[in-house]
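Peer 1: So here's query-v7.csv (CSV, C-alpha atoms).
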chain,number,residue,atom,x,y,z
A,891,LEU,CA,104.6,92.9,48.4
A,892,SER,CA,105.0,91.2,45.1
A,893,GLU,CA,107.1,94.1,43.9
A,894,LEU,CA,109.2,94.1,47.0
A,895,LEU,CA,110.0,90.4,46.6
A,896,ASN,CA,111.6,91.2,43.2
A,897,VAL,CA,114.0,93.6,44.9
A,898,GLU,CA,117.5,92.0,45.4
A,899,PHE,CA,117.8,93.1,49.0
A,900,TYR,CA,114.3,92.3,50.1
A,901,GLY,CA,115.4,89.9,52.8
A,902,GLU,CA,117.9,92.4,54.3
A,903,TRP,CA,115.3,95.1,54.2
A,904,LEU,CA,112.7,93.0,55.9
A,905,GLY,CA,115.1,92.1,58.6
A,906,LEU,CA,116.0,95.7,59.2
A,907,VAL,CA,112.4,96.7,59.4
A,908,ALA,CA,111.7,93.9,61.8
A,909,GLU,CA,114.6,94.9,64.0
A,910,PHE,CA,113.5,98.6,64.0
A,911,THR,CA,109.9,97.5,64.9
A,912,THR,CA,111.1,95.3,67.8
A,913,LYS,CA,113.2,98.2,69.2
A,914,SER,CA,110.3,100.6,68.8
A,915,LEU,CA,108.0,98.1,70.7
A,916,LEU,CA,110.6,97.9,73.5
A,917,SER,CA,110.7,101.7,73.6
A,918,TRP,CA,106.9,102.0,74.0
A,919,GLN,CA,107.3,105.2,76.2
A,920,TRP,CA,108.6,107.2,73.3
A,921,ALA,CA,107.6,105.4,70.1
A,922,SER,CA,103.8,105.1,70.3
A,923,ASN,CA,103.3,107.0,67.1
A,924,SER,CA,105.9,105.0,65.3
A,925,VAL,CA,104.3,101.7,66.4
A,926,TYR,CA,101.1,102.7,64.8
A,927,TYR,CA,102.7,103.2,61.4
A,928,LEU,CA,105.0,100.2,61.7
A,929,LEU,CA,102.1,97.8,62.5
A,930,SER,CA,100.2,99.3,59.6
A,931,LEU,CA,103.1,98.4,57.3
A,932,TRP,CA,103.2,94.8,58.6
A,933,SER,CA,99.4,94.4,58.2
A,934,ARG,CA,99.7,95.6,54.6
A,935,LEU,CA,102.4,93.1,53.9
A,936,VAL,CA,100.3,90.3,55.5
A,937,THR,CA,97.1,91.1,53.6
A,938,SER,CA,99.0,91.0,50.4
A,939,VAL,CA,100.2,87.4,50.8
A,940,PRO,CA,97.1,85.8,49.1
A,941,TYR,CA,97.9,87.8,45.9
A,942,LEU,CA,101.5,86.6,45.6
A,943,LYS,CA,102.5,84.7,42.5
A,944,GLY,CA,105.6,82.6,42.2
A,945,ASP,CA,107.7,80.6,44.7
A,946,THR,CA,109.8,83.4,46.2
A,947,PRO,CA,109.4,83.1,50.0
A,948,SER,CA,108.0,86.3,51.7
A,949,LEU,CA,109.8,85.4,54.9
A,950,LEU,CA,106.7,86.7,56.8
A,951,ASP,CA,105.9,83.3,58.3
A,952,GLU,CA,109.0,83.7,60.6
A,953,THR,CA,108.9,87.4,61.1
A,954,VAL,CA,105.3,88.4,61.8
A,955,PRO,CA,104.7,86.1,64.8
A,956,LYS,CA,107.7,87.7,66.5
A,957,ILE,CA,106.3,91.2,65.8
A,958,THR,CA,102.9,90.2,67.1
A,959,GLU,CA,104.3,88.7,70.3
A,960,GLY,CA,106.6,91.6,70.8
A,961,PHE,CA,103.6,94.1,70.7
A,962,ILE,CA,101.5,92.1,73.1
A,963,THR,CA,104.4,91.6,75.5
A,964,SER,CA,105.3,95.3,75.4
A,965,ARG,CA,101.7,96.3,76.3
A,966,ILE,CA,101.8,93.9,79.3
A,967,ASN,CA,105.2,95.2,80.4
A,968,SER,CA,104.1,98.8,80.1
A,969,VAL,CA,101.5,98.3,82.8
A,970,GLN,CA,104.1,96.8,85.2
A,971,ALA,CA,106.6,99.5,84.4
A,972,SER,CA,104.3,102.4,84.9
A,973,PHE,CA,103.5,101.3,88.4
A,974,ALA,CA,107.1,100.3,89.2
A,975,ASP,CA,108.3,103.8,89.0
A,976,ASN,CA,105.2,105.3,90.6
A,977,SER,CA,104.6,107.5,87.5
A,978,PRO,CA,101.5,106.3,85.6
A,979,ASP,CA,101.7,107.3,81.9
A,980,PRO,CA,99.5,110.4,81.3
A,981,ASP,CA,99.2,109.2,77.7
A,982,ASN,CA,98.0,105.7,78.7
A,983,PRO,CA,96.1,104.3,75.7
A,984,LEU,CA,93.8,102.4,78.1
A,985,GLU,CA,92.5,105.9,79.2
A,986,ASN,CA,92.2,107.2,75.6
A,987,ALA,CA,89.8,105.4,73.3
A,988,GLU,CA,91.2,107.0,70.1
A,989,SER,CA,94.8,106.1,71.0
A,990,LEU,CA,93.8,102.6,71.9
A,991,GLN,CA,91.9,102.1,68.6
A,992,ASP,CA,95.0,103.3,66.7
A,993,GLN,CA,97.3,100.9,68.4
A,994,LEU,CA,95.0,97.9,67.9
A,995,GLU,CA,93.8,98.7,64.4
A,996,SER,CA,96.4,96.6,62.5
A,997,LEU,CA,97.1,94.0,65.2
A,998,PRO,CA,94.2,91.5,64.3
A,999,TYR,CA,95.6,91.0,60.8
A,1000,LEU,CA,99.0,90.1,62.2
A,1001,CYS,CA,97.4,87.8,64.8
A,1002,ARG,CA,95.3,85.9,62.3
A,1003,PHE,CA,98.2,85.5,59.9
A,1004,LYS,CA,99.5,82.7,62.2
A,1005,TYR,CA,96.4,82.4,64.3
A,1006,GLU,CA,97.1,79.1,66.0
A,1007,SER,CA,100.5,80.2,67.5
A,1008,CYS,CA,99.2,83.6,68.3
A,1009,SER,CA,96.1,82.4,70.1
A,1010,LEU,CA,98.2,80.0,72.1
A,1011,PHE,CA,100.5,82.8,73.0
A,1012,ILE,CA,97.6,85.0,74.2
A,1013,ILE,CA,96.1,82.1,76.2
A,1014,ASN,CA,99.4,81.5,77.9
A,1015,ILE,CA,99.4,85.1,79.0
A,1016,MET,CA,95.7,85.2,80.0
A,1017,GLU,CA,95.7,82.0,82.1
A,1018,PRO,CA,98.2,83.2,84.7
A,1019,LEU,CA,96.5,86.6,84.8
A,1020,LEU,CA,93.1,85.0,85.4
A,1021,GLN,CA,94.6,82.8,88.1
A,1022,ALA,CA,96.2,85.8,89.8
A,1023,TYR,CA,93.0,87.8,89.6
A,1024,THR,CA,91.0,84.9,91.1
A,1025,ALA,CA,93.5,84.5,93.9
A,1026,ARG,CA,93.4,88.2,94.6
A,1027,SER,CA,89.6,88.0,94.9
A,1028,ARG,CA,90.0,85.8,97.9
A,1029,LEU,CA,92.2,88.3,99.8
A,1030,PRO,CA,90.9,91.1,102.0
A,1031,ALA,CA,90.1,94.3,100.2
A,1032,SER,CA,92.8,96.0,102.1
A,1033,GLY,CA,95.5,94.0,100.3
A,1034,ASP,CA,98.1,95.4,97.9
A,1035,ALA,CA,96.2,97.9,95.8
A,1036,ALA,CA,99.1,98.5,93.4
A,1037,GLU,CA,99.4,94.8,92.7
A,1038,LEU,CA,95.7,94.6,91.9
A,1039,SER,CA,95.9,97.6,89.7
A,1040,VAL,CA,98.7,96.0,87.7
A,1041,ILE,CA,96.8,92.8,87.2
A,1042,GLU,CA,93.7,94.7,86.2
A,1043,GLY,CA,95.7,96.9,83.7
A,1044,GLN,CA,97.2,93.8,82.1
A,1045,ILE,CA,93.9,92.0,81.9
A,1046,ALA,CA,92.4,95.2,80.3
A,1047,TRP,CA,95.0,95.1,77.6
A,1048,MET,CA,94.4,91.5,76.9
A,1049,VAL,CA,90.6,91.9,76.7
A,1050,HIS,CA,91.0,94.8,74.3
A,1051,ILE,CA,93.5,92.8,72.2
A,1052,ILE,CA,91.1,89.8,72.1
A,1053,ALA,CA,88.1,92.0,71.2
A,1054,ALA,CA,90.1,93.6,68.4
A,1055,ILE,CA,91.0,90.2,67.0
A,1056,LEU,CA,87.4,88.8,67.2
A,1057,LYS,CA,86.1,91.7,65.2
A,1058,ILE,CA,88.1,90.8,62.2
A,1059,ARG,CA,87.7,87.9,59.8
A,1060,GLN,CA,90.7,86.8,57.7
A,1061,THR,CA,91.3,83.6,55.9
A,1062,VAL,CA,95.1,83.9,55.3
A,1063,GLY,CA,97.1,81.1,56.9
A,1064,CYS,CA,94.2,79.4,58.7
A,1065,SER,CA,91.0,77.6,57.8
A,1066,GLN,CA,87.6,79.1,58.7
A,1067,ASP,CA,86.8,76.2,61.1
A,1068,SER,CA,90.2,76.6,62.8
A,1069,GLN,CA,89.6,80.3,63.2
A,1070,GLU,CA,86.3,79.7,64.8
A,1071,LEU,CA,87.8,77.3,67.2
A,1072,PHE,CA,90.5,79.7,68.2
A,1073,ASP,CA,88.0,82.5,68.4
A,1074,ALA,CA,86.0,80.5,70.9
A,1075,GLU,CA,89.1,79.7,73.0
A,1076,LEU,CA,90.0,83.4,73.3
A,1077,ALA,CA,86.4,84.4,74.0
A,1078,ALA,CA,86.1,81.8,76.7
A,1079,ARG,CA,89.0,83.4,78.6
A,1080,VAL,CA,87.3,86.8,78.5
A,1081,LEU,CA,84.0,85.3,79.7
A,1082,GLN,CA,85.8,83.7,82.7
A,1083,LEU,CA,86.2,87.3,84.0
A,1084,ILE,CA,82.5,87.5,84.6
A,1085,ASN,CA,82.6,84.7,87.2
A,1086,ILE,CA,85.7,86.2,88.8
A,1087,THR,CA,84.4,89.7,89.1
A,1088,ASP,CA,81.1,88.4,90.6
A,1089,THR,CA,83.0,86.8,93.5
A,1090,GLY,CA,85.2,87.9,96.4
A,1091,VAL,CA,86.5,91.5,96.8
A,1092,HIS,CA,85.9,92.2,93.1
A,1093,ALA,CA,82.2,92.0,93.6
A,1094,GLN,CA,82.3,94.6,96.5
Can the structure in the file be given as C-alpha coordinates, please?

Peer 2:
Amino acid sequence: LSELLNVEFYGEWLGLVAEFTTKSLLSWQWASNSVYYLLSLWSRLVTSVPYLKGDTPSLLDETVPKITEGFITSRINSVQASFADNSPDPDNPLENAESLQDQLESLPYLCRFKYESCSLFIINIMEPLLQAYTARSRLPASGDAAELSVIEGQIAWMVHIIAAILKIRQTVGCSQDSQELFDAELAARVLQLINITDTGVHAQ
(Lines of atoms letter the chains of each structure in order from A and count residues from 1; the text may use other names and numbers.)
(Lines give C-alpha, C1' and ligand atoms only; values in the text may rest on other atoms or scores of the structure.)
Protein backbone atom coordinates (compact mmCIF):
# COMPACT_ATOMS: atom_id res chain seq x y z
CA LEU A 1 0.00 0.00 0.00
CA SER A 2 2.82 2.42 0.84
CA GLU A 3 4.25 1.92 -2.65
CA LEU A 4 0.85 2.46 -4.24
CA LEU A 5 0.40 5.73 -2.36
CA ASN A 6 3.52 7.05 -4.07
CA VAL A 7 2.00 6.49 -7.49
CA GLU A 8 0.63 9.67 -9.02
CA PHE A 9 -2.67 8.14 -10.08
CA TYR A 10 -3.33 6.16 -6.90
CA GLY A 11 -6.63 7.93 -6.18
CA GLU A 12 -7.90 7.33 -9.70
CA TRP A 13 -6.80 3.69 -9.58
CA LEU A 14 -8.51 3.12 -6.23
CA GLY A 15 -11.71 4.65 -7.54
CA LEU A 16 -11.71 2.41 -10.60
CA VAL A 17 -11.07 -0.71 -8.52
CA ALA A 18 -13.88 0.29 -6.16
CA GLU A 19 -16.23 0.83 -9.10
CA PHE A 20 -15.31 -2.53 -10.62
CA THR A 21 -15.78 -4.24 -7.25
CA THR A 22 -19.21 -2.67 -6.82
CA LYS A 23 -20.30 -3.79 -10.29
CA SER A 24 -19.01 -7.30 -9.61
CA LEU A 25 -20.99 -7.46 -6.37
CA LEU A 26 -24.14 -6.42 -8.21
CA SER A 27 -23.46 -9.14 -10.80
CA TRP A 28 -23.19 -11.86 -8.17
CA GLN A 29 -24.66 -14.48 -10.52
CA TRP A 30 -21.67 -14.34 -12.84
CA ALA A 31 -18.83 -12.85 -10.81
CA SER A 32 -18.46 -15.10 -7.76
CA ASN A 33 -14.84 -15.95 -8.57
CA SER A 34 -13.98 -12.30 -9.22
CA VAL A 35 -15.49 -11.27 -5.89
CA TYR A 36 -13.15 -13.60 -4.02
CA TYR A 37 -10.04 -12.03 -5.56
CA LEU A 38 -11.36 -8.49 -5.27
CA LEU A 39 -12.15 -8.86 -1.57
CA SER A 40 -8.71 -10.38 -1.07
CA LEU A 41 -7.18 -7.28 -2.63
CA TRP A 42 -9.17 -4.96 -0.38
CA SER A 43 -8.27 -6.96 2.72
CA ARG A 44 -4.58 -6.72 1.85
CA LEU A 45 -4.89 -2.97 1.48
CA VAL A 46 -6.67 -2.68 4.82
CA THR A 47 -4.19 -4.83 6.74
CA SER A 48 -1.34 -2.69 5.37
CA VAL A 49 -2.70 0.53 6.90
CA PRO A 50 -0.87 0.18 10.28
CA TYR A 51 2.46 0.11 8.45
CA LEU A 52 1.93 3.33 6.50
CA LYS A 53 4.32 6.19 7.05
CA GLY A 54 3.73 9.80 6.14
CA ASP A 55 0.55 11.84 5.87
CA THR A 56 -0.66 10.78 2.43
CA PRO A 57 -4.32 9.70 2.81
CA SER A 58 -5.05 6.13 1.77
CA LEU A 59 -8.69 7.00 0.92
CA LEU A 60 -9.69 3.61 2.35
CA ASP A 61 -11.77 5.16 5.15
CA GLU A 62 -14.37 6.28 2.62
CA THR A 63 -14.09 3.38 0.19
CA VAL A 64 -13.90 0.19 2.26
CA PRO A 65 -17.22 0.63 4.15
CA LYS A 66 -19.03 0.97 0.82
CA ILE A 67 -17.42 -2.24 -0.45
CA THR A 68 -18.29 -4.06 2.77
CA GLU A 69 -21.90 -2.92 2.73
CA GLY A 70 -22.15 -3.73 -0.97
CA PHE A 71 -21.04 -7.31 -0.39
CA ILE A 72 -23.46 -7.90 2.49
CA THR A 73 -26.35 -6.33 0.59
CA SER A 74 -25.61 -8.40 -2.50
CA ARG A 75 -25.72 -11.65 -0.50
CA ILE A 76 -29.09 -10.69 0.99
CA ASN A 77 -30.48 -9.71 -2.40
CA SER A 78 -29.21 -12.90 -3.99
CA VAL A 79 -31.54 -14.96 -1.80
CA GLN A 80 -34.57 -12.89 -2.75
CA ALA A 81 -33.65 -12.96 -6.44
CA SER A 82 -33.15 -16.72 -6.59
CA PHE A 83 -36.67 -17.31 -5.29
CA ALA A 84 -38.23 -14.50 -7.31
CA ASP A 85 -37.44 -16.20 -10.62
CA ASN A 86 -38.15 -19.70 -9.25
CA SER A 87 -34.66 -20.85 -10.17
CA PRO A 88 -32.56 -21.47 -7.07
CA ASP A 89 -28.87 -21.08 -7.78
CA PRO A 90 -27.29 -24.53 -8.18
CA ASP A 91 -24.00 -22.96 -7.09
CA ASN A 92 -25.51 -21.42 -3.97
CA PRO A 93 -22.57 -20.84 -1.57
CA LEU A 94 -24.84 -21.62 1.38
CA GLU A 95 -24.98 -25.18 0.07
CA ASN A 96 -21.23 -25.38 -0.54
CA ALA A 97 -18.98 -25.02 2.50
CA GLU A 98 -15.83 -24.47 0.45
CA SER A 99 -17.40 -21.74 -1.68
CA LEU A 100 -18.87 -20.09 1.41
CA GLN A 101 -15.50 -20.06 3.14
CA ASP A 102 -13.87 -18.50 0.08
CA GLN A 103 -16.45 -15.72 -0.07
CA LEU A 104 -16.14 -14.90 3.64
CA GLU A 105 -12.38 -15.31 4.03
CA SER A 106 -11.49 -11.64 3.53
CA LEU A 107 -14.70 -9.99 4.72
CA PRO A 108 -13.85 -9.84 8.47
CA TYR A 109 -10.81 -7.64 7.82
CA LEU A 110 -12.94 -5.20 5.86
CA CYS A 111 -15.67 -5.18 8.50
CA ARG A 112 -13.30 -4.57 11.40
CA PHE A 113 -11.54 -1.76 9.55
CA LYS A 114 -14.55 0.46 10.32
CA TYR A 115 -16.17 -1.83 12.81
CA GLU A 116 -18.63 0.55 14.43
CA SER A 117 -20.35 1.56 11.21
CA CYS A 118 -20.18 -1.99 9.85
CA SER A 119 -21.66 -3.57 12.98
CA LEU A 120 -24.50 -1.04 13.00
CA PHE A 121 -25.14 -1.80 9.33
CA ILE A 122 -25.34 -5.53 10.10
CA ILE A 123 -27.60 -4.98 13.10
CA ASN A 124 -29.93 -2.83 10.99
CA ILE A 125 -30.27 -5.76 8.60
CA MET A 126 -30.60 -8.43 11.28
CA GLU A 127 -33.28 -6.72 13.36
CA PRO A 128 -35.99 -6.67 10.64
CA LEU A 129 -35.10 -10.25 9.68
CA LEU A 130 -35.47 -11.41 13.28
CA GLN A 131 -38.76 -9.57 13.58
CA ALA A 132 -40.04 -11.14 10.37
CA TYR A 133 -38.89 -14.58 11.49
CA THR A 134 -40.61 -14.11 14.85
CA ALA A 135 -43.83 -12.99 13.18
CA ARG A 136 -43.65 -15.96 10.81
CA SER A 137 -43.37 -18.32 13.79
CA ARG A 138 -46.83 -17.24 14.93
CA LEU A 139 -48.46 -18.12 11.61
CA PRO A 140 -49.79 -21.56 10.65
CA ALA A 141 -47.25 -23.96 9.22
CA SER A 142 -49.20 -23.96 5.97
CA GLY A 143 -48.26 -20.32 5.32
CA ASP A 144 -46.15 -19.02 2.45
CA ALA A 145 -43.25 -21.49 2.31
CA ALA A 146 -41.33 -19.41 -0.24
CA GLU A 147 -41.43 -16.34 1.98
CA LEU A 148 -40.14 -18.35 4.92
CA SER A 149 -37.36 -19.84 2.79
CA VAL A 150 -36.23 -16.35 1.74
CA ILE A 151 -36.13 -15.15 5.35
CA GLU A 152 -34.24 -18.26 6.44
CA GLY A 153 -31.77 -17.89 3.58
CA GLN A 154 -31.10 -14.26 4.41
CA ILE A 155 -30.68 -15.04 8.10
CA ALA A 156 -28.32 -17.87 7.20
CA TRP A 157 -26.11 -15.44 5.28
CA MET A 158 -26.07 -12.99 8.18
CA VAL A 159 -25.22 -15.70 10.71
CA HIS A 160 -22.32 -16.90 8.55
CA ILE A 161 -21.11 -13.32 8.08
CA ILE A 162 -21.25 -12.59 11.82
CA ALA A 163 -19.50 -15.87 12.62
CA ALA A 164 -16.72 -15.04 10.16
CA ILE A 165 -16.25 -11.61 11.75
CA LEU A 166 -16.15 -12.96 15.31
CA LYS A 167 -13.40 -15.43 14.43
CA ILE A 168 -10.99 -12.61 13.54
CA ARG A 169 -9.27 -10.13 15.82
CA GLN A 170 -7.98 -6.92 14.30
CA THR A 171 -6.96 -3.69 16.02
CA VAL A 172 -6.96 -1.39 12.99
CA GLY A 173 -9.40 1.50 13.32
CA CYS A 174 -11.04 0.37 16.56
CA SER A 175 -9.95 -0.13 20.18
CA GLN A 176 -10.01 -3.58 21.76
CA ASP A 177 -12.77 -2.58 24.19
CA SER A 178 -14.91 -1.21 21.40
CA GLN A 179 -14.39 -4.35 19.35
CA GLU A 180 -15.54 -6.53 22.23
CA LEU A 181 -18.66 -4.39 22.64
CA PHE A 182 -19.56 -4.68 18.96
CA ASP A 183 -18.73 -8.41 19.03
CA ALA A 184 -21.24 -8.84 21.85
CA GLU A 185 -23.92 -6.86 20.00
CA LEU A 186 -23.56 -9.03 16.91
CA ALA A 187 -23.44 -12.28 18.89
CA ALA A 188 -26.60 -11.26 20.76
CA ARG A 189 -28.52 -11.06 17.49
CA VAL A 190 -27.50 -14.58 16.57
CA LEU A 191 -28.39 -15.92 20.01
CA GLN A 192 -31.88 -14.44 19.65
CA LEU A 193 -32.47 -17.06 16.99
CA ILE A 194 -32.42 -19.77 19.66
CA ASN A 195 -35.50 -18.35 21.35
CA ILE A 196 -37.26 -17.87 18.02
CA THR A 197 -36.53 -21.35 16.70
CA ASP A 198 -37.77 -22.88 19.96
CA THR A 199 -41.22 -21.33 19.56
CA GLY A 200 -44.11 -21.44 17.10
CA VAL A 201 -43.94 -23.32 13.83
CA HIS A 202 -40.13 -23.20 13.83
CA ALA A 203 -40.12 -25.65 16.74
CA GLN A 204 -42.35 -28.14 14.94

Peer 1: Excluding Asn923 (chain A) and its own-chain neighbours fewer than 5 positions away, which residues fall within 10 Å of it when counting all atoms listed in the file? Please give them as an mmCIF file with C-alpha atoms, in the frame of the given file.

Peer 2:
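What follows is the written file result.cif:
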data_model
loop_
_atom_site.group_PDB
_atom_site.id
_atom_site.type_symbol
_atom_site.label_atom_id
_atom_site.label_comp_id
_atom_site.auth_asym_id
_atom_site.auth_seq_id
_atom_site.Cartn_x
_atom_site.Cartn_y
_atom_site.Cartn_z
ATOM 1 C CA SER A 914 110.300 100.600 68.800
ATOM 2 C CA TRP A 918 106.900 102.000 74.000
ATOM 3 C CA LEU A 928 105.000 100.200 61.700
ATOM 4 C CA SER A 989 94.800 106.100 71.000
ATOM 5 C CA ASP A 992 95.000 103.300 66.700
ATOM 6 C CA GLN A 993 97.300 100.900 68.400
#

Peer 1: So how far away is CA of Pro947 (chain A) from CA of Ile1055 (chain A), in Å?

Peer 2: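 These atoms are spaced 26.0 Å apart.
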
Peer 1: Have a look at A:Ile1051, A:Ile1013, A:Val907, A:Cys1001 and name the one nearest to Arg965 (chain A); count only C-alpha atoms.

Peer 2: A:Ile1051

Peer 1: Could you tell me how far CA of Arg1026 (chain A) lies from CA of Ser1007 (chain A), in Å and to one decimal?

Peer 2: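 Taking CA of Arg1026 (chain A) and CA of Ser1007 (chain A), their separation equals 29.1 Å.
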
Peer 1: (104.2, 94.9, 81.8) in this file's frame - what residues fall within 12 Å of it? Use all atoms listed in the file and give the answer as a PyMOL selection string.

Peer 2: chain A and resi 916+918+960-974+1015+1019+1037+1039-1048

Peer 1: Please indicate the distance in Å from CA of Leu904 (chain A) to CA of Trp932 (chain A), rounded to one decimal place.

Peer 2: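 For CA of Leu904 (chain A) relative to CA of Trp932 (chain A), the distance reads 10.0 Å.
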
Peer 1: Can you pull out the residues contacting Lys1057 (chain A)? Cut-off 9 Å, using only C-alpha atoms, and skip same-chain residues under 4 positions away; I want them as a list in words.

Peer 2: Pro998, Ile1052 and Ala1053 of chain A

Peer 1: Which residue is closest to Arg934 (chain A)? Choose from A:Thr953, A:Ser948, A:Ser996, A:Thr912 and count only C-alpha atoms.

Peer 2: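 Of A:Thr953, A:Ser948, A:Ser996, A:Thr912, the one nearest Arg934 (chain A), counting only C-alpha atoms, is A:Ser996.
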
Peer 1: Considering all atoms listed in the file, return as a ChimeraX atom specification whatever protein or nucleic-acid residues lie within 9 Å of region 1067-1072 of chain A, sequence-local ones (same chain, fewer than 4 positions apart) excluded.

Peer 2: /A:1002,1005-1006,1009-1010,1059-1061,1076-1077

Peer 1: From the list A:Val936, A:Ile1012, A:Val1049, A:Leu1081, which residue is nearest Val954 (chain A) when using only C-alpha atoms?

Peer 2: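 So, comparing all the options, the nearest one is A:Val936.
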
Peer 1: Which one is closest to Thr1087 (chain A): A:Val897, A:Ala1074, A:Ala1025, A:Leu1000? Count all atoms listed in the file.

Peer 2: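 Residue with the minimum atom-to-atom distance to Thr1087 (chain A): A:Ala1025.
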